[in-house]
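Undergrad: Have a peek at target_26.pdb (PDB, C-alpha atoms and all ligand atoms).
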```
ATOM      1  CA  MET A  21       0.000   0.000   0.000
ATOM      2  CA  GLY A  22       1.350   3.409  -0.955
ATOM      3  CA  PHE A  23       0.383   6.808   0.424
ATOM      4  CA  THR A  24      -3.423   6.910   0.609
ATOM      5  CA  ASP A  25      -4.009   9.245   3.563
ATOM      6  CA  LYS A  26      -6.059  12.417   3.445
ATOM      7  CA  HIS A  27      -3.602  14.314   5.670
ATOM      8  CA  LEU A  28       0.149  14.371   6.187
ATOM      9  CA  LEU A  29       0.438  14.958   9.926
ATOM     10  CA  GLY A  30       3.543  12.956  10.719
ATOM     11  CA  ILE A  31       5.894  10.186   9.665
ATOM     12  CA  GLU A  32       4.557   7.875  12.385
ATOM     13  CA  PRO A  33       1.539   6.527  10.427
ATOM     14  CA  LEU A  34       3.411   6.068   7.127
ATOM     15  CA  SER A  35       4.505   2.680   5.808
ATOM     16  CA  PRO A  36       7.900   2.261   4.127
ATOM     17  CA  ALA A  37       6.001   1.877   0.823
ATOM     18  CA  ALA A  38       4.211   5.188   1.372
ATOM     19  CA  ILE A  39       7.519   6.908   2.148
ATOM     20  CA  SER A  40       9.079   5.474  -1.009
ATOM     21  CA  GLU A  41       6.103   6.533  -3.119
ATOM     22  CA  ILE A  42       6.435  10.157  -1.978
ATOM     23  CA  LEU A  43      10.212  10.131  -2.579
ATOM     24  CA  ASP A  44       9.860   8.520  -6.029
ATOM     25  CA  LEU A  45       7.338  11.125  -7.129
ATOM     26  CA  ALA A  46       9.550  13.877  -5.686
ATOM     27  CA  GLU A  47      12.350  12.755  -8.027
ATOM     28  CA  SER A  48      10.225  13.786 -11.009
ATOM     29  CA  TYR A  49       9.668  17.192  -9.403
ATOM     30  CA  VAL A  50      13.415  17.638  -8.891
ATOM     31  CA  ASP A  51      13.701  17.337 -12.675
ATOM     32  CA  LEU A  52      10.816  19.734 -13.298
ATOM     33  CA  ASN A  53      12.315  22.309 -10.916
ATOM     34  CA  ARG A  54      15.570  22.304 -12.855
ATOM     35  CA  ARG A  55      13.863  23.161 -16.140
ATOM     36  CA  PRO A  56      13.397  26.761 -17.321
ATOM     37  CA  ASN A  57       9.631  26.207 -17.368
ATOM     38  CA  LYS A  58       8.798  24.837 -13.933
ATOM     39  CA  HIS A  59       5.073  24.846 -14.270
ATOM     40  CA  SER A  60       2.676  21.954 -13.872
ATOM     41  CA  ASP A  61      -1.078  22.166 -13.442
ATOM     42  CA  VAL A  62      -1.786  19.203 -11.182
ATOM     43  CA  LEU A  63      -3.215  21.505  -8.504
ATOM     44  CA  ALA A  64      -4.922  23.911 -10.933
ATOM     45  CA  GLY A  65      -8.186  25.191  -9.494
ATOM     46  CA  LEU A  66      -7.270  24.107  -5.963
ATOM     47  CA  THR A  67      -6.724  26.522  -3.078
ATOM     48  CA  GLN A  68      -3.803  26.157  -0.669
ATOM     49  CA  ILE A  69      -3.685  28.219   2.513
ATOM     50  CA  ASN A  70      -0.465  28.489   4.524
ATOM     51  CA  MET A  71      -1.038  29.171   8.223
ATOM     52  CA  PHE A  72       2.246  29.687  10.039
ATOM     53  CA  PHE A  73       1.824  30.453  13.743
ATOM     54  CA  GLU A  74       5.607  30.390  14.196
ATOM     55  CA  ASN A  75       8.305  32.264  12.311
ATOM     56  CA  SER A  76       9.575  30.468   9.275
ATOM     57  CA  THR A  77      11.669  31.430   6.295
ATOM     58  CA  ARG A  78      12.568  28.406   4.243
ATOM     59  CA  THR A  79       9.657  26.137   5.074
ATOM     60  CA  GLN A  80       7.008  28.714   4.255
ATOM     61  CA  ALA A  81       8.796  29.845   1.082
ATOM     62  CA  SER A  82       9.228  26.228   0.056
ATOM     63  CA  PHE A  83       5.524  25.388   0.519
ATOM     64  CA  GLU A  84       4.486  28.567  -1.292
ATOM     65  CA  LEU A  85       6.728  27.867  -4.254
ATOM     66  CA  ALA A  86       5.685  24.212  -4.339
ATOM     67  CA  GLY A  87       2.001  25.140  -4.522
ATOM     68  CA  LYS A  88       2.565  27.828  -7.156
ATOM     69  CA  ARG A  89       4.634  25.537  -9.355
ATOM     70  CA  LEU A  90       1.776  23.039  -9.276
ATOM     71  CA  GLY A  91      -0.713  25.705 -10.324
ATOM     72  CA  ALA A  92      -2.637  26.067  -7.034
ATOM     73  CA  ASP A  93      -4.010  29.367  -5.776
ATOM     74  CA  VAL A  94      -1.786  29.956  -2.757
ATOM     75  CA  MET A  95      -2.574  32.271   0.098
ATOM     76  CA  ASN A  96      -0.261  33.052   3.026
ATOM     77  CA  MET A  97      -2.164  34.031   6.146
ATOM     78  CA  ALA A  98      -0.252  36.559   8.226
ATOM     79  CA  MET A  99      -0.949  34.742  11.488
ATOM     80  CA  GLN A 100       1.041  37.247  13.546
ATOM     81  CA  ALA A 101      -1.498  39.905  12.623
ATOM     82  CA  SER A 102      -4.518  37.614  12.610
ATOM     83  CA  SER A 103      -7.604  37.452  14.789
ATOM     84  CA  ILE A 104      -5.758  35.013  17.049
ATOM     85  CA  LYS A 105      -4.242  38.178  18.478
ATOM     86  CA  LYS A 106      -7.801  39.368  19.194
ATOM     87  CA  GLY A 107      -8.507  36.235  21.204
ATOM     88  CA  GLU A 108      -9.926  33.932  18.556
ATOM     89  CA  THR A 109      -9.036  30.287  19.115
ATOM     90  CA  LEU A 110      -7.096  28.163  16.677
ATOM     91  CA  ILE A 111     -10.207  26.120  15.992
ATOM     92  CA  ASP A 112     -12.386  29.162  15.247
ATOM     93  CA  THR A 113      -9.774  30.453  12.815
ATOM     94  CA  ALA A 114      -9.683  27.037  11.183
ATOM     95  CA  LEU A 115     -13.465  26.833  10.903
ATOM     96  CA  THR A 116     -13.586  30.305   9.346
ATOM     97  CA  LEU A 117     -11.026  29.320   6.741
ATOM     98  CA  ASN A 118     -12.771  26.000   6.212
ATOM     99  CA  ALA A 119     -15.921  27.851   5.199
ATOM    100  CA  MET A 120     -13.952  29.384   2.310
ATOM    101  CA  HIS A 121     -13.441  25.887   0.852
ATOM    102  CA  PRO A 122      -9.678  25.495   0.755
ATOM    103  CA  ASP A 123      -8.305  22.184  -0.524
ATOM    104  CA  LEU A 124      -5.015  22.156   1.360
ATOM    105  CA  LEU A 125      -4.102  23.745   4.671
ATOM    106  CA  VAL A 126      -0.396  23.903   5.493
ATOM    107  CA  VAL A 127      -0.016  24.549   9.214
ATOM    108  CA  ARG A 128       2.889  25.279  11.556
ATOM    109  CA  HIS A 129       2.144  25.721  15.245
ATOM    110  CA  PRO A 130       4.263  26.009  18.423
ATOM    111  CA  GLN A 131       2.163  23.408  20.267
ATOM    112  CA  SER A 132       2.642  19.688  19.766
ATOM    113  CA  GLY A 133      -0.628  18.128  18.629
ATOM    114  CA  ALA A 134      -2.261  21.399  17.498
ATOM    115  CA  VAL A 135      -2.131  20.445  13.821
ATOM    116  CA  ASP A 136      -3.719  17.025  14.440
ATOM    117  CA  LEU A 137      -6.520  18.724  16.354
ATOM    118  CA  LEU A 138      -7.106  21.176  13.547
ATOM    119  CA  ALA A 139      -7.233  18.371  10.980
ATOM    120  CA  GLN A 140     -10.196  16.874  12.837
ATOM    121  CA  LYS A 141     -12.198  20.083  12.439
ATOM    122  CA  VAL A 142     -11.856  20.827   8.732
ATOM    123  CA  ASN A 143     -12.934  19.098   5.527
ATOM    124  CA  CYS A 144      -9.790  19.608   3.490
ATOM    125  CA  SER A 145      -6.358  17.973   3.600
ATOM    126  CA  VAL A 146      -3.983  19.219   6.285
ATOM    127  CA  LEU A 147      -0.214  19.203   6.031
ATOM    128  CA  ASN A 148       1.866  19.534   9.181
ATOM    129  CA  ALA A 149       4.694  22.014   8.615
ATOM    130  CA  GLY A 150       5.978  21.500  12.181
ATOM    131  CA  ASP A 151       4.071  21.273  15.487
ATOM    132  CA  GLY A 152       6.021  22.038  18.658
ATOM    133  CA  ARG A 153       8.597  19.348  19.263
ATOM    134  CA  HIS A 154       6.335  16.638  17.839
ATOM    135  CA  GLU A 155       6.714  16.149  14.066
ATOM    136  CA  HIS A 156       7.921  17.899  10.917
ATOM    137  CA  PRO A 157       7.173  15.251   8.292
ATOM    138  CA  THR A 158       8.201  17.093   5.124
ATOM    139  CA  GLN A 159      11.594  17.883   6.681
ATOM    140  CA  ALA A 160      12.230  14.186   7.346
ATOM    141  CA  LEU A 161      11.090  13.326   3.809
ATOM    142  CA  LEU A 162      13.353  15.933   2.214
ATOM    143  CA  ASP A 163      16.241  14.722   4.367
ATOM    144  CA  ALA A 164      15.501  11.151   3.256
ATOM    145  CA  LEU A 165      15.494  12.168  -0.412
ATOM    146  CA  THR A 166      18.780  14.033   0.054
ATOM    147  CA  ILE A 167      20.371  10.987   1.712
ATOM    148  CA  ARG A 168      19.003   8.574  -0.901
ATOM    149  CA  ARG A 169      20.404  10.653  -3.749
ATOM    150  CA  ALA A 170      23.803  11.178  -2.099
ATOM    151  CA  LYS A 171      24.284   7.610  -0.881
ATOM    152  CA  GLY A 172      22.328   5.713  -3.536
ATOM    153  CA  ARG A 173      20.134   4.024  -0.913
ATOM    154  CA  LEU A 174      18.072   4.718   2.181
ATOM    155  CA  HIS A 175      18.656   1.561   4.211
ATOM    156  CA  ARG A 176      21.495   0.054   6.235
ATOM    157  CA  LEU A 177      23.245   3.390   6.616
ATOM    158  CA  SER A 178      24.823   4.608   9.825
ATOM    159  CA  ILE A 179      23.363   8.024  10.626
ATOM    160  CA  ALA A 180      24.333  10.351  13.478
ATOM    161  CA  ILE A 181      21.844  12.980  14.665
ATOM    162  CA  CYS A 182      23.698  15.508  16.793
ATOM    163  CA  GLY A 183      22.902  18.271  19.250
ATOM    164  CA  ASP A 184      19.605  19.515  20.623
ATOM    165  CA  ILE A 185      17.517  16.397  20.110
ATOM    166  CA  ALA A 186      15.186  17.034  23.045
ATOM    167  CA  HIS A 187      13.598  20.129  21.485
ATOM    168  CA  SER A 188      13.659  19.007  17.886
ATOM    169  CA  ARG A 189      10.691  17.860  15.817
ATOM    170  CA  VAL A 190      13.175  17.447  12.957
ATOM    171  CA  ALA A 191      15.081  14.846  14.990
ATOM    172  CA  ARG A 192      11.888  13.067  16.018
ATOM    173  CA  SER A 193      10.481  12.754  12.474
ATOM    174  CA  ASN A 194      13.893  11.725  11.157
ATOM    175  CA  ILE A 195      14.374   9.059  13.823
ATOM    176  CA  ILE A 196      10.966   7.552  13.011
ATOM    177  CA  LEU A 197      11.554   7.617   9.240
ATOM    178  CA  LEU A 198      15.127   6.339   9.284
ATOM    179  CA  ASP A 199      14.153   3.558  11.685
ATOM    180  CA  LYS A 200      11.258   2.471   9.434
ATOM    181  CA  MET A 201      13.728   2.277   6.535
ATOM    182  CA  GLU A 202      16.062   0.105   8.644
ATOM    183  CA  ASN A 203      19.033   2.327   9.275
ATOM    184  CA  ARG A 204      21.341   2.428  12.260
ATOM    185  CA  ILE A 205      20.753   5.639  14.187
ATOM    186  CA  ARG A 206      23.074   7.245  16.707
ATOM    187  CA  LEU A 207      22.074  10.208  18.827
ATOM    188  CA  ILE A 208      24.916  12.418  20.033
ATOM    189  CA  GLY A 209      24.593  15.275  22.512
ATOM    190  CA  PRO A 210      24.796  16.302  26.156
ATOM    191  CA  PRO A 211      22.390  14.392  28.439
ATOM    192  CA  THR A 212      20.499  17.655  29.098
ATOM    193  CA  LEU A 213      19.543  17.804  25.406
ATOM    194  CA  MET A 214      18.406  14.173  25.107
ATOM    195  CA  PRO A 215      14.647  13.596  25.279
ATOM    196  CA  SER A 216      13.282  11.667  28.228
ATOM    197  CA  GLY A 217      12.390   8.083  27.381
ATOM    198  CA  ILE A 218      15.263   7.976  24.909
ATOM    199  CA  ALA A 219      15.576   4.203  25.361
ATOM    200  CA  GLU A 220      12.253   3.677  23.561
ATOM    201  CA  PHE A 221      13.703   5.077  20.353
ATOM    202  CA  GLY A 222      16.019   2.087  20.036
ATOM    203  CA  CYS A 223      18.969   4.294  18.990
ATOM    204  CA  GLU A 224      22.536   4.230  20.263
ATOM    205  CA  VAL A 225      23.218   7.260  22.472
ATOM    206  CA  TYR A 226      26.596   8.998  22.794
ATOM    207  CA  GLU A 227      27.797  11.929  24.845
ATOM    208  CA  ASP A 228      31.044  12.223  22.935
ATOM    209  CA  MET A 229      31.146  13.437  19.316
ATOM    210  CA  GLN A 230      34.347  11.617  18.328
ATOM    211  CA  GLN A 231      32.997   8.294  19.564
ATOM    212  CA  GLY A 232      29.523   8.772  18.151
ATOM    213  CA  LEU A 233      30.698   9.865  14.708
ATOM    214  CA  GLN A 234      32.976   6.843  14.265
ATOM    215  CA  ASP A 235      32.432   5.498  10.713
ATOM    216  CA  VAL A 236      29.017   7.051  10.137
ATOM    217  CA  ASP A 237      27.714   7.688   6.592
ATOM    218  CA  VAL A 238      25.615  10.716   7.486
ATOM    219  CA  VAL A 239      26.109  13.507  10.048
ATOM    220  CA  MET A 240      22.939  15.451  10.742
ATOM    221  CA  MET A 241      23.450  18.596  12.826
ATOM    222  CA  LEU A 242      20.662  20.396  14.695
ATOM    223  CA  ARG A 243      20.198  23.959  15.833
ATOM    224  CA  LEU A 244      20.231  24.765  19.542
ATOM    225  CA  GLN A 245      16.533  25.624  19.908
ATOM    226  CA  ARG A 246      16.794  28.369  22.487
ATOM    227  CA  GLU A 247      13.171  29.398  22.030
ATOM    228  CA  ARG A 248      12.115  26.049  23.467
ATOM    229  CA  MET A 249      14.545  26.092  26.387
ATOM    230  CA  ASP A 250      13.433  27.386  29.748
ATOM    231  CA  GLY A 251      16.651  27.172  31.709
ATOM    232  CA  GLY A 252      20.337  26.364  31.526
ATOM    233  CA  PHE A 253      20.655  23.418  29.177
ATOM    234  CA  ILE A 254      24.248  24.177  28.182
ATOM    235  CA  PRO A 255      27.102  25.839  30.101
ATOM    236  CA  SER A 256      27.889  28.394  27.343
ATOM    237  CA  GLU A 257      27.801  28.542  23.544
ATOM    238  CA  ARG A 258      31.591  28.536  23.476
ATOM    239  CA  GLU A 259      31.807  25.410  25.565
ATOM    240  CA  TYR A 260      29.039  23.799  23.516
ATOM    241  CA  TYR A 261      30.878  24.510  20.270
ATOM    242  CA  HIS A 262      34.044  23.074  21.721
ATOM    243  CA  ARG A 263      32.371  19.793  22.672
ATOM    244  CA  TYR A 264      29.561  19.410  20.143
ATOM    245  CA  GLY A 265      30.132  21.857  17.292
ATOM    246  CA  LEU A 266      30.950  20.017  14.069
ATOM    247  CA  ASP A 267      34.397  21.002  12.824
ATOM    248  CA  ALA A 268      36.971  19.338  10.558
ATOM    249  CA  ASP A 269      38.603  17.618  13.508
ATOM    250  CA  LYS A 270      35.487  15.896  14.761
ATOM    251  CA  LEU A 271      34.323  15.075  11.223
ATOM    252  CA  GLN A 272      37.521  13.047  10.734
ATOM    253  CA  ALA A 273      35.936  10.262  12.779
ATOM    254  CA  ALA A 274      33.138   9.782  10.224
ATOM    255  CA  LYS A 275      33.554   7.834   6.978
ATOM    256  CA  GLU A 276      35.655   9.591   4.386
ATOM    257  CA  ASP A 277      32.623  10.105   2.149
ATOM    258  CA  ALA A 278      30.200  11.017   4.956
ATOM    259  CA  ILE A 279      27.768  13.806   4.145
ATOM    260  CA  VAL A 280      26.919  16.719   6.451
ATOM    261  CA  MET A 281      23.335  17.912   6.840
ATOM    262  CA  HIS A 282      21.533  20.733   8.689
ATOM    263  CA  PRO A 283      17.830  21.642   8.403
ATOM    264  CA  GLY A 284      18.506  25.359   8.866
ATOM    265  CA  PRO A 285      18.452  27.958  10.189
ATOM    266  CA  MET A 286      22.095  27.394  11.037
ATOM    267  CA  ASN A 287      24.096  28.977  13.855
ATOM    268  CA  ARG A 288      27.628  29.058  12.529
ATOM    269  CA  GLY A 289      30.185  28.729  15.275
ATOM    270  CA  VAL A 290      27.605  27.241  17.674
ATOM    271  CA  GLU A 291      26.630  23.811  16.326
ATOM    272  CA  ILE A 292      28.632  23.869  13.098
ATOM    273  CA  ASP A 293      31.796  25.408  11.723
ATOM    274  CA  GLY A 294      31.068  27.740   8.792
ATOM    275  CA  ASP A 295      33.740  26.177   6.587
ATOM    276  CA  ILE A 296      32.240  22.695   6.974
ATOM    277  CA  ALA A 297      28.764  24.022   6.204
ATOM    278  CA  ASP A 298      30.099  25.594   2.986
ATOM    279  CA  ASP A 299      32.298  22.681   1.902
ATOM    280  CA  ILE A 300      30.624  21.443  -1.269
ATOM    281  CA  ASN A 301      32.457  18.133  -1.013
ATOM    282  CA  ARG A 302      30.880  17.309   2.356
ATOM    283  CA  SER A 303      27.869  19.513   2.952
ATOM    284  CA  VAL A 304      24.509  18.781   1.296
ATOM    285  CA  ILE A 305      22.740  21.632   3.077
ATOM    286  CA  GLN A 306      21.789  23.408  -0.161
ATOM    287  CA  ASP A 307      20.592  20.109  -1.649
ATOM    288  CA  GLN A 308      18.262  19.765   1.329
ATOM    289  CA  VAL A 309      16.670  23.101   0.431
ATOM    290  CA  GLU A 310      16.295  22.033  -3.203
ATOM    291  CA  MET A 311      14.788  18.661  -2.220
ATOM    292  CA  GLY A 312      12.389  20.477   0.095
ATOM    293  CA  VAL A 313      10.463  22.078  -2.755
ATOM    294  CA  ALA A 314      10.290  18.792  -4.696
ATOM    295  CA  VAL A 315       9.154  16.739  -1.697
ATOM    296  CA  ARG A 316       6.435  19.265  -0.852
ATOM    297  CA  MET A 317       5.219  19.223  -4.450
ATOM    298  CA  ALA A 318       5.039  15.419  -4.308
ATOM    299  CA  ALA A 319       3.233  15.399  -0.966
ATOM    300  CA  MET A 320       0.654  17.961  -2.092
ATOM    301  CA  ASP A 321       0.157  16.221  -5.440
ATOM    302  CA  LEU A 322      -0.568  12.901  -3.665
ATOM    303  CA  LEU A 323      -2.812  14.525  -1.050
ATOM    304  CA  ALA A 324      -4.855  16.157  -3.816
ATOM    305  CA  ARG A 325      -5.226  12.792  -5.582
ATOM    306  CA  ASN A 326      -6.200  11.086  -2.320
ATOM    307  CA  GLY A 327      -8.719  13.842  -1.608
ATOM    308  CA  GLN A 328     -10.277  13.468  -5.050
ATOM    309  CA  ALA A 329     -10.406   9.683  -4.667
ATOM    310  CA  SER A 330     -12.221   9.920  -1.332
ATOM    311  CA  ALA A 331     -14.618  12.566  -2.704
ATOM    312  CA  ALA A 332     -15.450  10.274  -5.647
ATOM    313  CA  GLU A 333     -16.085   7.409  -3.225
ATOM    314  CA  GLY A 334     -18.392   9.633  -1.230
ATOM    315  CA  MET A 335     -20.470  10.360  -4.328
ATOM    316  CA  SER A 336     -20.815   6.778  -5.529
TER     317      SER A 336
HETATM  318  C1  LIG A 401      13.409  23.445  11.657
HETATM  319  C2  LIG A 401      12.090  23.650  12.364
HETATM  320  O1  LIG A 401      11.444  24.673  12.212
HETATM  321  O2  LIG A 401      11.716  22.732  13.072
HETATM  322  N1  LIG A 401      13.627  24.324  10.604
HETATM  323  C3  LIG A 401      13.090  24.075   9.388
HETATM  324  O3  LIG A 401      11.957  23.683   9.243
HETATM  325  N2  LIG A 401      13.891  24.244   8.332
HETATM  326  C4  LIG A 401      14.548  23.358  12.573
HETATM  327  C5  LIG A 401      14.883  24.536  13.423
HETATM  328  O4  LIG A 401      14.123  25.480  13.581
HETATM  329  O5  LIG A 401      15.983  24.508  13.992
END
```
Mind turning this structure into structure tokens?
TA:
Amino acid sequence: MGFTDKHLLGIEPLSPAAISEILDLAESYVDLNRRPNKHSDVLAGLTQINMFFENSTRTQASFELAGKRLGADVMNMAMQASSIKKGETLIDTALTLNAMHPDLLVVRHPQSGAVDLLAQKVNCSVLNAGDGRHEHPTQALLDALTIRRAKGRLHRLSIAICGDIAHSRVARSNIILLDKMENRIRLIGPPTLMPSGIAEFGCEVYEDMQQGLQDVDVVMMLRLQRERMDGGFIPSEREYYHRYGLDADKLQAAKEDAIVMHPGPMNRGVEIDGDIADDINRSVIQDQVEMGVAVRMAAMDLLARNGQASAAEGMS
């Protein structure tokens, strides 16, 4: 069974076949996006509304571009200036928008679970663009596509996820996806930045970068998510960089052809050395951005098809 769901709320409910279907379709959109004429009309006539309750640069731009390239009518709600500020609840905002008959709602929200809740209240497809520290499914899918293209496969790889794992929905969605595809996952970071119940993830946990990075194929760095920290999680940024910042020295422990990833936004000199981030022989950070548009096009294309299929069923 491939991807047949009405919503894309997380990686958790997806089967390996569904993940592969999204990635395979995304490959065709990578090709389209490299052509001078990038237009397709698979979403022509459909309305996509982006509701971002948290600041976002690349994710929102990526979803907007993805929808426009597929021919949808795309609207960005300025949530900062919205009626939420006047006391309206998330659900009332959603119901108001729902009455305007959108086909796709792309939602980012600071609270874990908020996007799932919203999906229960509206008729259209909902795409989770990041909810609290819960899930960020399109990020994990774009990371998977980047890895698959760089390494030629997406199974039996040794992948290190490093840094602020406790506060990261990117880490969570990636761990779930990479585990479903049967990879070996290592989590590296200070104990204060490891999520509670880490044992359940079935990953190897390291406190030391050199040890954890030994012979890995992929090094995935994460931002220190200060906005989600409510106390002293690290001694100082300088000390953190010294112990956990990815530099040439620490990267030596990884395989010679290991790739370096970061979802952005990046803090150079905090979790990663600027030269490593810019090294085109190691870093695939710009590829991740490119894959992001293609993966979002694929996800929205499939959601629209699934929506039409369920509407047709409803009529028969
Ligand atoms: C991530 C996010 O928002 O969760 N960024 C992104 O989507 N590119 C990671 C982060 O903010 O550090």
Undergrad: Between A:Ile195, A:Lys200, A:Ile39, A:Ala170, which is the closest to Phe221 (chain A) once you count all atoms listed in the file?
TA: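 Closest residue, counting all atoms listed in the file: A:Ile195.
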Undergrad: When distances are computed from all atoms listed in the file, which of A:Thr113, A:Gln328, A:Ser60, A:Gln308 shows the smallest separation from ligand LIG 401 (chain A)?
TA: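 Closest to ligand LIG 401 (chain A), using all atoms listed in the file: A:Gln308.
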Undergrad: List the residues selected by the PyMOL selection byres (((not hetatm)) within 10 of (chain A and resi 401)) in the file shown, writing them as a compact mmCIF listing (two decimals) with C-alpha atoms, keeping the file's coordinate frame.
TA:
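Printed below is result08.txt as written:
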```txt
# COMPACT_ATOMS: atom_id res chain seq x y z
CA GLU A 74 5.61 30.39 14.20
CA ASN A 75 8.30 32.26 12.31
CA SER A 76 9.57 30.47 9.28
CA THR A 77 11.67 31.43 6.30
CA ARG A 78 12.57 28.41 4.24
CA THR A 79 9.66 26.14 5.07
CA GLN A 80 7.01 28.71 4.26
CA SER A 82 9.23 26.23 0.06
CA ARG A 128 2.89 25.28 11.56
CA HIS A 129 2.14 25.72 15.24
CA PRO A 130 4.26 26.01 18.42
CA ALA A 149 4.69 22.01 8.62
CA GLY A 150 5.98 21.50 12.18
CA ASP A 151 4.07 21.27 15.49
CA GLY A 152 6.02 22.04 18.66
CA ARG A 153 8.60 19.35 19.26
CA HIS A 154 6.34 16.64 17.84
CA GLU A 155 6.71 16.15 14.07
CA HIS A 156 7.92 17.90 10.92
CA PRO A 157 7.17 15.25 8.29
CA THR A 158 8.20 17.09 5.12
CA GLN A 159 11.59 17.88 6.68
CA ALA A 160 12.23 14.19 7.35
CA ASP A 184 19.60 19.52 20.62
CA HIS A 187 13.60 20.13 21.48
CA SER A 188 13.66 19.01 17.89
CA ARG A 189 10.69 17.86 15.82
CA VAL A 190 13.18 17.45 12.96
CA ALA A 191 15.08 14.85 14.99
CA MET A 241 23.45 18.60 12.83
CA LEU A 242 20.66 20.40 14.70
CA ARG A 243 20.20 23.96 15.83
CA LEU A 244 20.23 24.76 19.54
CA GLN A 245 16.53 25.62 19.91
CA ARG A 246 16.79 28.37 22.49
CA GLU A 247 13.17 29.40 22.03
CA HIS A 282 21.53 20.73 8.69
CA PRO A 283 17.83 21.64 8.40
CA GLY A 284 18.51 25.36 8.87
CA PRO A 285 18.45 27.96 10.19
CA MET A 286 22.10 27.39 11.04
CA ASN A 287 24.10 28.98 13.86
CA GLN A 308 18.26 19.76 1.33
CA VAL A 309 16.67 23.10 0.43
CA GLY A 312 12.39 20.48 0.10
```
Undergrad: So that I can see what lies close to region 136-147 of chain A, please list as an MDAnalysis selection string the residues with an atom at most 6 Å from it, counting all atoms listed in the file and leaving out residues fewer than 4 positions away in the same chain.
TA: chainID A and resid 26:29 118 123:126
Undergrad: Taking all atoms listed in the file into account, which of A:Asp163, A:Glu276, A:Asp267, A:Glu108 comes nearest Asp293 (chain A)?
TA: A:Asp267
Undergrad: One decimal, Å: what's the distance from CA of Gly327 (chain A) over to CA of Thr24 (chain A), could you say?
TA: 9.0 Å
Undergrad: How far is it from CA of Pro211 (chain A) to CA of Tyr261 (chain A), in Å with one decimal?
TA: 15.5 Å
Undergrad: Contacts of region 250-259 of chain A at 7 Å or less, counting all atoms listed in the file, minus same-chain residues fewer than 2 places along, as a PyMOL selection string?
TA: chain A and resi 212-213+248+261-263+290
Undergrad: Skipping near chain neighbours, those fewer than 4 positions away, what residues fall within 12 Å of Glu220 (chain A) using all atoms listed in the file, listed as a ChimeraX atom specification?
TA: /A:195-196,215-216,224-225
Undergrad: Using the chain letters and numbering of this document, enumerate as a PyMOL selection string the residues selected by the PyMOL selection byres (((chain A and resi 204) around 8) and not hetatm).
TA: chain A and resi 176-179+198-199+202-203+205-206+223
Undergrad: May I have the residues at most 8 Å from (-9.3, 20.9, -6.5) in the file's coordinates, counting all atoms listed in the file, as a list in words?
TA: Leu63, Ala64, Gly65, Leu66, Thr67, Asp123, Ala324 and Gln328 of chain A
Undergrad: How many Å separate CA of Met71 (chain A) from CA of Leu52 (chain A)?
TA: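 According to the coordinates, CA of Met71 (chain A) and CA of Leu52 (chain A) are separated by 26.3 Å.
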